[in-house]
Each structure stands twice: as C-alpha cells, then as structure tokens.
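protein_29.cif follows (mmCIF, C-alpha atoms and all ligand atoms):
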data_my_file
#
loop_
_atom_site.label_atom_id
_atom_site.label_comp_id
_atom_site.auth_asym_id
_atom_site.auth_seq_id
_atom_site.Cartn_x
_atom_site.Cartn_y
_atom_site.Cartn_z
CA MET M 3 32.49 -24.17 93.81
CA PRO M 4 33.10 -25.36 90.30
CA CYS M 5 35.88 -23.17 89.08
CA ARG M 6 39.56 -23.68 89.19
CA ALA M 7 41.22 -20.39 89.22
CA TRP M 8 43.87 -18.11 88.01
CA ILE M 9 44.50 -15.69 90.82
CA ALA M 10 46.47 -12.53 91.31
CA TRP M 11 50.03 -13.26 92.22
CA ALA M 12 51.14 -10.43 94.44
CA ARG M 13 48.62 -11.34 97.11
CA GLY M 14 49.17 -15.05 96.73
CA ARG M 15 52.92 -15.53 97.14
CA LYS M 16 52.49 -18.09 99.91
CA ILE M 17 50.66 -20.32 97.45
CA GLU M 18 53.69 -20.60 95.20
CA SER M 19 55.08 -23.54 97.12
CA ALA M 20 51.92 -25.49 96.28
CA THR M 21 53.34 -25.89 92.75
CA ALA M 22 50.67 -23.68 91.23
CA GLU M 23 51.17 -22.79 87.57
CA ARG M 24 52.52 -19.30 86.94
CA MET M 25 51.09 -17.10 84.18
CA THR M 26 52.49 -13.87 82.81
CA ARG M 27 50.55 -13.26 79.60
CA GLY M 28 47.17 -13.73 78.01
CA ALA M 29 45.09 -13.51 74.85
CA LEU M 30 41.50 -12.37 74.39
CA HIS M 31 39.91 -14.07 71.37
CA LEU M 32 36.99 -12.07 70.00
CA PRO M 33 34.19 -13.85 68.09
CA GLY M 34 35.23 -12.39 64.71
CA GLY M 35 38.59 -14.16 64.90
CA ARG M 36 40.70 -11.25 66.16
CA ALA M 37 43.00 -11.97 69.12
CA VAL M 38 44.23 -9.27 71.48
CA ARG M 39 47.43 -10.40 73.19
CA PHE M 40 48.51 -8.82 76.45
CA GLU M 41 51.00 -9.07 79.31
CA LEU M 42 49.39 -9.48 82.75
CA PRO M 43 50.05 -6.47 85.00
CA ARG M 44 51.43 -8.94 87.58
CA PRO M 45 52.15 -12.65 87.24
CA ALA M 46 49.12 -14.80 88.19
CA LEU M 47 48.81 -18.29 89.68
CA GLY M 48 46.79 -21.22 88.32
CA ILE M 49 45.57 -23.42 91.16
CA SER M 50 42.54 -25.67 91.62
CA ARG M 51 39.86 -24.71 94.16
CA LEU M 52 40.37 -28.04 95.84
CA ARG M 53 44.04 -27.24 96.48
CA LEU M 54 43.48 -23.59 97.40
CA ASP M 55 40.64 -24.37 99.83
CA ASP M 56 42.70 -27.15 101.40
CA LEU M 57 45.67 -24.79 101.95
CA LEU M 58 43.43 -22.10 103.45
CA ALA M 59 41.61 -24.53 105.76
CA LYS M 60 44.90 -26.01 107.02
CA ARG M 61 46.30 -22.55 107.63
CA ALA M 62 43.17 -21.44 109.53
CA SER M 63 43.25 -24.61 111.58
CA GLY M 64 46.97 -24.15 112.30
CA ALA M 65 46.21 -20.61 113.51
CA GLY M 66 43.72 -22.00 116.04
CA ALA M 67 40.38 -21.91 114.17
CA ASP M 68 37.81 -24.65 114.87
CA VAL M 69 37.17 -25.67 111.24
CA ARG M 70 33.90 -27.57 110.64
CA PHE M 71 33.29 -29.09 107.23
CA GLY M 72 29.67 -29.84 106.37
CA ALA M 73 28.16 -27.36 108.85
CA ARG M 74 25.37 -25.25 107.35
CA VAL M 75 24.48 -21.85 108.82
CA VAL M 76 20.72 -21.32 108.66
CA GLY M 77 20.42 -17.96 110.40
CA ALA M 78 22.29 -15.16 112.18
CA TRP M 79 20.77 -12.36 114.25
CA PRO M 80 22.01 -9.49 116.41
CA HIS M 81 21.57 -10.42 120.07
CA ASP M 82 22.55 -8.28 123.10
CA SER M 83 25.89 -6.76 122.10
CA GLY M 84 26.78 -9.74 119.84
CA PHE M 85 25.00 -12.30 117.64
CA ARG M 86 23.17 -15.61 117.69
CA VAL M 87 24.19 -17.98 114.89
CA ARG M 88 22.09 -21.05 114.14
CA PHE M 89 23.64 -23.94 112.20
CA VAL M 90 23.08 -27.57 111.28
CA PHE M 91 25.97 -30.00 111.78
CA ARG M 92 25.64 -33.78 111.40
CA GLN M 93 21.87 -33.35 111.14
CA GLU M 94 21.68 -31.58 114.49
CA GLU M 95 20.65 -27.98 114.80
CA SER M 96 22.56 -25.86 117.35
CA GLU M 97 23.13 -22.25 118.19
CA VAL M 98 26.21 -20.31 119.23
CA HIS M 99 26.50 -16.85 120.72
CA THR M 100 29.33 -14.80 119.36
CA ARG M 101 30.57 -11.22 119.41
CA ALA M 102 31.29 -10.89 115.68
CA VAL M 103 30.08 -12.61 112.50
CA ILE M 104 31.69 -12.50 109.05
CA GLY M 105 29.33 -13.64 106.27
CA ALA M 106 31.35 -15.40 103.54
CA TRP M 107 28.75 -17.68 101.99
CA GLY M 108 29.63 -16.90 98.38
CA ARG M 109 27.60 -15.58 95.51
CA TRP M 110 24.19 -16.95 96.42
CA ASP M 111 22.61 -18.78 99.37
CA ALA M 112 19.27 -19.10 101.13
CA LEU M 113 20.77 -16.72 103.71
CA ASP M 114 20.57 -13.94 101.08
CA ARG M 115 16.82 -14.51 100.95
CA ALA M 116 16.59 -14.49 104.75
CA PHE M 117 18.24 -11.04 104.72
CA GLU M 118 15.94 -9.96 101.83
CA ARG M 119 18.95 -8.80 99.85
CA ARG M 120 17.87 -6.70 96.92
CA PHE M 121 20.26 -8.13 94.31
CA LEU M 122 18.05 -11.24 94.14
CA SER M 123 15.41 -9.29 92.20
CA ARG M 124 17.85 -8.19 89.47
CA ARG M 125 16.82 -9.43 86.06
CA SER M 126 20.29 -9.72 84.55
CA ARG M 127 21.47 -13.17 85.61
CA PHE M 128 24.33 -15.31 84.41
CA PHE M 129 25.28 -18.93 84.96
CA GLY M 130 28.80 -20.26 85.37
CA TRP M 131 30.21 -23.57 84.29
CA SER M 132 33.55 -25.35 84.13
CA ARG M 133 35.08 -28.49 82.71
CA ASP M 134 38.51 -30.05 83.12
CA TYR M 135 40.91 -31.40 80.51
CA ALA M 136 43.81 -33.83 80.89
CA PRO M 137 47.33 -32.40 81.38
CA GLU M 138 49.06 -31.32 78.16
CA ALA M 139 52.79 -30.78 78.62
CA ALA M 140 53.36 -27.93 76.20
CA PHE M 141 49.94 -26.31 75.90
CA LEU M 142 49.20 -22.90 77.52
CA GLN M 143 52.48 -22.68 79.45
CA GLY M 144 52.53 -19.31 81.23
CA GLU M 145 49.37 -18.11 79.52
CA VAL M 146 45.64 -17.59 80.10
CA ARG M 147 43.26 -17.46 77.11
CA LEU M 148 39.85 -15.82 77.11
CA TYR M 149 37.23 -16.43 74.41
CA VAL M 150 34.13 -14.31 73.81
CA PHE M 151 31.00 -15.83 72.26
CA GLY M 152 27.43 -14.53 71.88
CA GLY M 153 26.05 -13.99 75.41
CA GLY M 154 29.11 -15.09 77.36
CA TYR M 155 32.80 -15.75 77.59
CA CYS M 156 35.11 -18.43 78.94
CA GLY M 157 38.77 -18.91 79.76
CA LEU M 158 41.36 -21.68 79.57
CA SER M 159 44.26 -21.92 82.00
CA ARG M 160 46.56 -24.50 83.55
CA VAL M 161 46.38 -25.49 87.20
CA GLU M 162 48.86 -27.42 89.35
CA GLY M 163 50.01 -30.64 87.74
CA GLY M 164 49.45 -29.20 84.25
CA ALA M 165 45.73 -30.10 84.04
CA ILE M 166 43.76 -27.59 82.01
CA ASN M 167 40.59 -25.92 83.15
CA LEU M 168 37.87 -24.24 81.14
CA ALA M 169 35.47 -21.96 83.04
CA GLY M 170 32.92 -19.54 81.68
CA ILE M 171 29.80 -17.53 82.21
CA VAL M 172 26.75 -17.19 80.01
CA SER M 173 23.63 -15.05 80.20
CA GLU M 174 20.46 -16.79 81.32
CA ASN M 175 18.77 -16.15 77.92
CA VAL M 176 21.56 -17.65 75.85
CA ARG M 177 21.85 -20.62 78.17
CA ALA M 178 18.12 -21.31 77.75
CA ARG M 179 18.40 -21.03 73.96
CA ALA M 180 21.44 -23.33 73.75
CA GLY M 181 19.44 -26.43 74.69
CA ARG M 182 19.73 -28.79 77.63
CA GLY M 183 23.05 -29.40 79.36
CA TRP M 184 26.46 -27.73 79.42
CA GLU M 185 27.67 -29.79 76.45
CA ALA M 186 25.07 -28.06 74.25
CA LEU M 187 26.22 -24.67 75.49
CA LEU M 188 29.87 -25.50 74.84
CA THR M 189 29.00 -26.63 71.31
CA ARG M 190 27.31 -23.26 70.77
CA ALA M 191 30.30 -21.39 72.23
CA ARG M 192 32.71 -23.33 69.98
CA ARG M 193 30.61 -22.47 66.95
CA GLY M 194 30.72 -18.81 67.97
CA ASN M 195 34.48 -18.68 68.49
CA ARG M 196 36.80 -20.54 66.13
CA ALA M 197 39.88 -20.09 68.33
CA LEU M 198 38.06 -21.81 71.21
CA ASP M 199 37.05 -24.64 68.90
CA ALA M 200 40.62 -25.05 67.63
CA ASP M 201 42.14 -25.04 71.14
CA LEU M 202 39.61 -27.48 72.62
CA SER M 203 40.06 -29.89 69.73
CA LYS M 204 43.67 -30.42 70.94
CA LEU M 205 42.55 -31.46 74.45
CA SER M 206 41.15 -34.64 76.02
CA PRO M 207 38.45 -34.49 78.71
CA GLY M 208 39.60 -34.86 82.33
CA PRO M 209 38.04 -36.98 85.09
CA ILE M 210 35.73 -34.35 86.65
CA GLY M 211 33.56 -33.32 83.71
CA PHE M 212 31.14 -30.41 83.57
CA LEU M 213 30.21 -28.52 86.74
CA GLY M 214 27.63 -25.73 86.76
CA THR M 215 26.71 -22.95 89.18
CA GLY M 216 23.40 -21.53 90.32
CA PRO M 217 22.53 -17.99 89.21
CA VAL M 218 25.37 -15.46 89.27
CA PHE M 219 24.52 -11.78 89.81
CA PHE M 220 27.45 -9.56 88.90
CA THR M 221 26.97 -6.73 91.33
CA ALA M 222 28.23 -5.13 94.51
CA LYS M 223 25.98 -5.86 97.51
CA PRO M 224 25.73 -4.13 100.89
CA PRO M 225 29.00 -4.87 102.73
CA THR M 226 27.13 -5.34 106.02
CA GLU M 227 23.75 -6.83 106.98
CA ASP M 228 22.40 -6.36 110.52
CA GLY M 229 25.95 -5.78 111.77
CA ILE M 230 27.35 -8.87 109.96
CA LEU M 231 30.48 -8.08 107.92
CA MET M 232 30.10 -9.53 104.42
CA ALA M 233 33.25 -10.79 102.67
CA GLY M 234 34.10 -12.26 99.26
CA ASP M 235 31.29 -12.89 96.79
CA ALA M 236 28.73 -12.39 99.58
CA ALA M 237 29.71 -8.69 99.43
CA GLY M 238 29.76 -8.60 95.62
CA VAL M 239 30.61 -10.73 92.59
CA LEU M 240 33.28 -9.53 90.16
CA ASP M 241 33.53 -10.77 86.58
CA PRO M 242 35.86 -13.75 86.38
CA PHE M 243 37.64 -12.32 83.28
CA SER M 244 39.84 -10.28 85.61
CA GLY M 245 40.99 -13.37 87.53
CA GLU M 246 40.50 -11.24 90.65
CA GLY M 247 37.53 -12.98 92.34
CA GLN M 248 39.63 -15.13 94.65
CA ALA M 249 42.15 -12.39 95.42
CA ALA M 250 39.36 -9.92 96.23
CA ALA M 251 37.63 -12.55 98.40
CA LEU M 252 40.85 -13.12 100.36
CA ALA M 253 41.52 -9.37 100.67
CA SER M 254 37.99 -8.57 101.89
CA GLY M 255 38.16 -11.49 104.34
CA ILE M 256 41.37 -10.06 105.81
CA LEU M 257 39.79 -6.58 105.98
CA ALA M 258 36.72 -8.02 107.76
CA ALA M 259 38.91 -9.93 110.24
CA GLU M 260 41.02 -6.85 111.00
CA THR M 261 37.91 -4.71 111.56
CA ALA M 262 36.25 -7.40 113.72
CA GLU M 263 39.43 -7.53 115.79
CA ARG M 264 39.02 -3.82 116.60
CA HIS M 265 35.52 -4.64 117.89
CA LEU M 266 36.74 -7.62 119.92
CA SER M 267 39.48 -5.52 121.52
CA GLY M 268 36.85 -2.97 122.64
CA GLU M 269 38.02 -0.18 120.31
CA LEU M 270 34.73 -0.21 118.31
CA SER M 271 31.15 -1.05 119.30
CA ARG M 272 29.25 -3.54 117.11
CA GLU M 273 27.58 -0.66 115.24
CA GLU M 274 30.84 1.28 114.83
CA CYS M 275 32.51 -1.88 113.58
CA ALA M 276 29.85 -2.33 110.86
CA ARG M 277 30.13 1.34 109.83
CA ALA M 278 33.94 1.23 109.73
CA TYR M 279 33.89 -1.95 107.62
CA SER M 280 31.28 -0.60 105.17
CA ALA M 281 33.33 2.54 104.61
CA ALA M 282 36.62 0.66 104.24
CA TRP M 283 35.06 -1.95 101.91
CA ARG M 284 33.56 0.74 99.66
CA ARG M 285 36.84 2.67 99.51
CA ARG M 286 38.76 -0.42 98.56
CA PHE M 287 36.40 -2.44 96.33
CA ALA M 288 33.38 -0.43 95.09
CA ARG M 289 35.01 1.05 91.97
CA ARG M 290 36.08 -2.38 90.72
CA PHE M 291 32.43 -3.37 90.30
CA ALA M 292 31.65 -0.37 88.11
CA TRP M 293 34.63 -1.15 85.84
CA SER M 294 33.82 -4.85 85.81
CA ALA M 295 30.23 -4.10 84.63
CA ALA M 296 31.45 -1.65 81.98
CA PHE M 297 33.92 -4.14 80.49
CA ARG M 298 31.40 -6.99 80.59
CA ARG M 299 29.00 -4.90 78.50
CA LEU M 300 31.82 -3.99 76.14
CA ILE M 301 33.09 -7.49 75.47
CA LEU M 302 29.62 -9.04 75.30
CA ASN M 303 28.55 -6.54 72.64
CA PRO M 304 29.99 -8.06 69.44
CA TRP M 305 30.17 -4.77 67.49
CA ILE M 306 31.53 -2.46 70.14
CA GLY M 307 33.87 -5.17 71.44
CA ALA M 308 35.35 -5.76 67.97
CA ILE M 309 35.83 -2.05 67.28
CA ALA M 310 37.35 -1.38 70.71
CA GLY M 311 39.60 -4.43 70.30
CA ARG M 312 40.83 -3.17 66.92
CA LEU M 313 41.39 0.40 68.06
CA VAL M 314 42.98 0.02 71.46
CA GLY M 315 43.51 -3.75 71.77
CA GLU M 316 46.12 -4.63 74.33
CA ARG M 317 45.96 -1.31 76.19
CA LEU M 318 42.20 -1.75 76.74
CA VAL M 319 42.52 -5.31 78.03
CA ARG M 320 45.38 -4.39 80.37
CA PHE M 321 43.38 -1.43 81.61
CA ALA M 322 40.30 -3.66 82.17
CA ILE M 323 42.31 -6.12 84.25
CA ARG M 324 44.02 -3.37 86.25
CA ALA M 325 40.74 -1.51 86.87
CA SER M 326 38.99 -4.68 88.06
CA SER M 327 41.87 -5.35 90.44
CA GLY M 328 41.57 -1.86 91.92
CA GLU M 329 44.97 -0.62 90.75
C1 LIG D 1 32.56 -19.68 86.15
C2 LIG D 1 33.41 -18.92 87.12
C3 LIG D 1 34.79 -18.84 86.92
C4 LIG D 1 35.59 -18.15 87.81
N1 LIG D 1 36.92 -18.08 87.58
C5 LIG D 1 37.71 -17.40 88.44
C6 LIG D 1 39.10 -17.33 88.23
O1 LIG D 1 39.64 -17.86 87.26
N2 LIG D 1 39.85 -16.65 89.13
C7 LIG D 1 39.30 -16.05 90.22
O2 LIG D 1 40.05 -15.46 91.01
N3 LIG D 1 37.98 -16.09 90.44
C8 LIG D 1 37.18 -16.75 89.58
N4 LIG D 1 35.83 -16.81 89.81
C9 LIG D 1 35.28 -16.10 90.98
C10 LIG D 1 35.60 -16.86 92.27
O3 LIG D 1 35.16 -18.20 92.16
C11 LIG D 1 34.89 -16.20 93.44
O4 LIG D 1 35.09 -14.81 93.40
C12 LIG D 1 35.43 -16.75 94.76
O5 LIG D 1 35.22 -18.14 94.82
C13 LIG D 1 34.72 -16.08 95.94
O6 LIG D 1 35.09 -16.72 97.12
P1 LIG D 1 34.08 -16.78 98.35
O7 LIG D 1 34.84 -17.47 99.44
O8 LIG D 1 33.50 -15.45 98.60
O9 LIG D 1 32.86 -17.68 97.86
P2 LIG D 1 32.84 -19.24 97.51
O10 LIG D 1 34.11 -19.64 96.89
O11 LIG D 1 31.58 -19.44 96.75
O12 LIG D 1 32.75 -19.95 98.93
C14 LIG D 1 31.61 -19.83 99.74
C15 LIG D 1 31.59 -21.03 100.66
O13 LIG D 1 30.54 -20.85 101.62
C16 LIG D 1 29.82 -22.08 101.73
N5 LIG D 1 28.44 -21.75 102.15
C17 LIG D 1 27.44 -21.19 101.42
N6 LIG D 1 26.34 -21.06 102.17
C18 LIG D 1 26.64 -21.54 103.39
C19 LIG D 1 25.91 -21.67 104.60
N7 LIG D 1 24.64 -21.28 104.69
N8 LIG D 1 26.53 -22.22 105.68
C20 LIG D 1 27.82 -22.63 105.61
N9 LIG D 1 28.58 -22.52 104.48
C21 LIG D 1 27.99 -21.98 103.40
C22 LIG D 1 29.88 -22.68 100.33
O14 LIG D 1 29.65 -24.08 100.40
C23 LIG D 1 31.31 -22.34 99.93
O15 LIG D 1 32.21 -23.31 100.39
C24 LIG D 1 35.00 -17.50 88.94
C25 LIG D 1 33.63 -17.58 89.14
C26 LIG D 1 32.83 -18.28 88.24
C27 LIG D 1 31.35 -18.34 88.46
#
Mind turning the file's structure into structure tokens?
Amino acid sequence: MPCRAWIAWARGRKIESATAERMTRGALHLPGGRAVRFELPRPALGISRLRLDDLLAKRASGAGADVRFGARVVGAWPHDSGFRVRFVFRQEESEVHTRAVIGAWGRWDALDRAFERRFLSRRSRFFGWSRDYAPEAAFLQGEVRLYVFGGGYCGLSRVEGGAINLAGIVSENVRARAGRGWEALLTRARRGNRALDADLSKLSPGPIGFLGTGPVFFTAKPPTEDGILMAGDAAGVLDPFSGEGQAAALASGILAAETAERHLSGELSREECARAYSAAWRRRFARRFAWSAAFRRLILNPWIGAIAGRLVGERLVRFAIRASSGE
C-alpha cells in the first residue's frame, strides 16, 4: 500500500502512543486559487502505513493470531459447513479448512476476478500515487491540505517523525494524457494548482520516492461473497479526501470479526452469519459511499466546485467529511 495516512482520531486513540502527528484543521485549495479552510469534526492522526500495519500485526499476534507475512491466498470456497482456503507460502501451495473467512484483500486483487465481482467492469477508474518529503519542523503542524487539479486531487499531511506525505488520485484519462511516470503527473497537478506548487517548492524529496497503485474503483461492493465476509476496501473503496479509509477498514474488520464470532459460538449458521453481516455493513457504511461519490463529482468539476466553494465553503467541506465518516 503506497499511502501514508491521516486517520480518524476517535477510533484510533490507541495509536496515539505511537507518536503519530495530530491534526485538527485543514484547507481545501481549489484550482482557481481559492482556499476553503475548515476545522476537522474530530482531531485526526497522521501515521505511516508501515507504522500502522506494524502496530496492528503486533497486536493481532499478541492476541493469539498466527500472523503469516508473504502468504498469498489464491482461492476460498464454501465446503461442508465451513470453507476451504488455498494459499501459497514460501512457494508451497497448501489448503486449510476453516469455519469462517473474512476477505480483507484491499481495493483490487486477482481474487476479485475469481469471484467475478461486477465492479471490475466499471469504466470510471482512478489511479493513486504518493511521494514522501523530508521532515520540515514548522510546516503543516496540526493541519492537512487538499489540492484539487483537473481530473484529480491530492493531499499533504505530516506523519510520525515530522516527515511529510503527498498522496493523490487521478482519473485514468488524465493520467494517460499527463505523459509517462508520476513525475509528469505531479508537474501537471502543480501547473493546475498554484497553492500545491508553492507548498511543494518548500519541501525536499524523502528517501522513498513515488509509489503508485493499480486501478482504484470508488464504489461499494457486495459485503459478502459465497459466505465470505468482506472487510475494508474489499467491501468498498471510499474517497481518500475524507481521511476515513483506514478508520472504515478497521471498523468493518471489527464488525466482521464480531459477526463471525456469533457463527463460531453456534448462534448463527454460515448463511445467517453472511446475511447478518450484509445487513449490518449496509446499515453502517452504505450511505458513506453515496456521499463520497457526490463530493468527488463536485470537487472534480471545476465550475461547480468553485461556485459551491464560494457559496458554502467551510460548511460544505465539513459536511462532506462528516457524511463520508457516517456521522
Ligand atoms: C492514494 C491514496 C491515498 C489514501 N489516503 C488515505 C488517507 O490519508 N487516510 C485514510 O484513512 N485512507 C486513505 N486511503 C485509503 C486507505 O488506504 C484504504 O482505505 C485502506 O488501506 C484500506 O485498508 P484494507 O486493509 O482494506 O486494504 P489494504 O490496506 O489495501 O490492505 C490489503 C492487504 O491485503 C493484502 N492482499 C491482497 N491480496 C491478497 C491475497 N490474495 N492474499 C493475501 N494477502 C493479500 C495486500 O498485500 C495488503 O497488505 C488512501 C488510498 C489511496 C489510493
């Protein structure tokens, strides 16, 4: 995963001790030069994926999970009253039988094709990218900045240690027109947003460089497949402008685990478990996707975005962030 993240605070208090950066306010820089400043509805945390994933893996391991790095799941099927799961680990293919499976393979994987998931045929595709910058003591303290450019947007925030991360998304068409490589796209984005250009000109590149993603489909997906409970981006990808992707992934993972537990304790059959999870997932997350899509269209349309920004500015941005977080 390329991005470093700003994540919702209320659900991430335990992460505070990992010296994540804390953010309370933001600014949305529109292409015409206008900036909409806003307070975040709740403080957010800036933490790198490396650090967050490490904390989560250690916690899972401490709670008794058998954590395997580098194992690749290649198939999962209902079998008797449970499942068969096939995976490759250290170049050896094996199979386990299990009573419950939670699918958390992120926004796109060959497994989606194996399940013939319909979102793969959507024409509206985006690509994500990120790049790191060296720590700057005074820059962006307590703040996240978002910049809109033709066909995409990106955001700058601090992560632990004060390093600065830029991450963005861009439509497939604009990416193709920008020329080869992420550098060419960033040059185009800087030309399209003077505030982005001014802020980046103060920063020095960090050691990681550009990282890019495969195709990103911003959409809700079926929350279950053949009885498998889908969590995180595997159940649907939210726009990163809300900073809610990680928090929603954690929340849906907890919901999936709690529902699977009811199956393991004998309260629900496999089929009832899948139905209960689908209903609970839709109640809790479905509306966020509709709002996320509406705001993406709004901010990526230069005319409507500028007018909306001028008329309702901060209130609109705060509403967009709240709506995408399900509040
Ligand atoms: C450019 C960009 C910027 C973003 N910025 C933010 C942000 O600032 N804040 C925020 O909260 N969210 C942000 N997001 C969204 C956030 O990254 C996701 O919502 C979040 O990572 C989802 O977590 P996940 O665990 O579902 O998926 P992932 O983080 O993608 O994790 C899935 C994991 O499954 C593994 N996997 C995949 N297939 C298999 C397989 N077959 N077998 C075994 N393992 C497999 C992958 O290797 C990966 O480790 C951003 C997204 C993008 C694209």
Discussion item. Residues within 9 Å of M:Ser280, please, as JSON, numbers by chain. Count all atoms listed in the file; anything in the same chain fewer than 2 positions from it doesn't count.
Written reply: {"M": [224, 225, 226, 231, 275, 276, 277, 278, 282, 283, 284, 285]}
Could you dump the residues just selected with C-alpha atoms as an mmCIF file, keeping the file's coordinate frame?
data_model
loop_
_atom_site.group_PDB
_atom_site.id
_atom_site.type_symbol
_atom_site.label_atom_id
_atom_site.label_comp_id
_atom_site.auth_asym_id
_atom_site.auth_seq_id
_atom_site.Cartn_x
_atom_site.Cartn_y
_atom_site.Cartn_z
ATOM 1 C CA PRO M 224 25.730 -4.130 100.890
ATOM 2 C CA PRO M 225 29.000 -4.870 102.730
ATOM 3 C CA THR M 226 27.130 -5.340 106.020
ATOM 4 C CA LEU M 231 30.480 -8.080 107.920
ATOM 5 C CA CYS M 275 32.510 -1.880 113.580
ATOM 6 C CA ALA M 276 29.850 -2.330 110.860
ATOM 7 C CA ARG M 277 30.130 1.340 109.830
ATOM 8 C CA ALA M 278 33.940 1.230 109.730
ATOM 9 C CA ALA M 282 36.620 0.660 104.240
ATOM 10 C CA TRP M 283 35.060 -1.950 101.910
ATOM 11 C CA ARG M 284 33.560 0.740 99.660
ATOM 12 C CA ARG M 285 36.840 2.670 99.510
#
Item to complete: Please provide as a PyMOL selection string all residues within 10 Å of M:Gln93, with the sequence filter that same-chain residues fewer than 6 positions apart are discarded (counting only C-alpha atoms).
Response: chain M and resi 72-74
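Residues of protein, DNA or RNA having at least one counted atom within 7 Å of (27.8, -21.2, 87.2), given all atoms listed in the file, are M:Phe129, M:Gly130, M:Trp131, M:Ile171, M:Gly214, M:Thr215, M:Gly216, M:Pro217, M:Val218.
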Worksheet item: Could you tell me, as a list in words, which residues have any atom at most 10 Å from (17.5, -16.5, 112.9), counting all atoms listed in the file?
Response: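 The residues near that point, listed by chain and number, are Val75, Val76, Gly77, Ala78, Trp79, Pro80, Phe85, Arg86, Val87, Arg88, Phe89, Glu97, Leu113, Ala116 and Phe117 of chain M.
Of the listed residues (M:Phe128, M:Phe291, M:Tyr149, M:Phe40), M:Phe291 comes nearest to M:Lys223; the distances count only C-alpha atoms.
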Worksheet item: Which value, in Å to one decimal, gives the distance between atom CA of M:Arg125 and atom CA of M:Val176?
Response: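 That distance, rounded to one decimal, is 13.9 Å.
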What box, with edges along x, y and z, holds each listed atom of ligand LIG 1 (chain D) when 5 Å is added on every side, and can you state its centre and edge lengths in Å to one decimal, as AutoDock Vina command-line options?
--center_x 32.3 --center_y -19.4 --center_z 95.9 --size_x 25.4 --size_y 19.3 --size_z 29.5
Practice prompt. Select the residues contacting ligand LIG 1 (chain D) at a distance of at most 8 Å, based on only C-alpha atoms and all ligand atoms, then format the selection as a PyMOL selection string.
Written response: chain M and resi 3-10+48+72-77+89+106-113+129-132+156-157+169-171+214-215+218+233-237+239-252
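Reported to one decimal place, the separation of atom CA of M:Glu41 from atom CA of M:Met25 is 9.4 Å.
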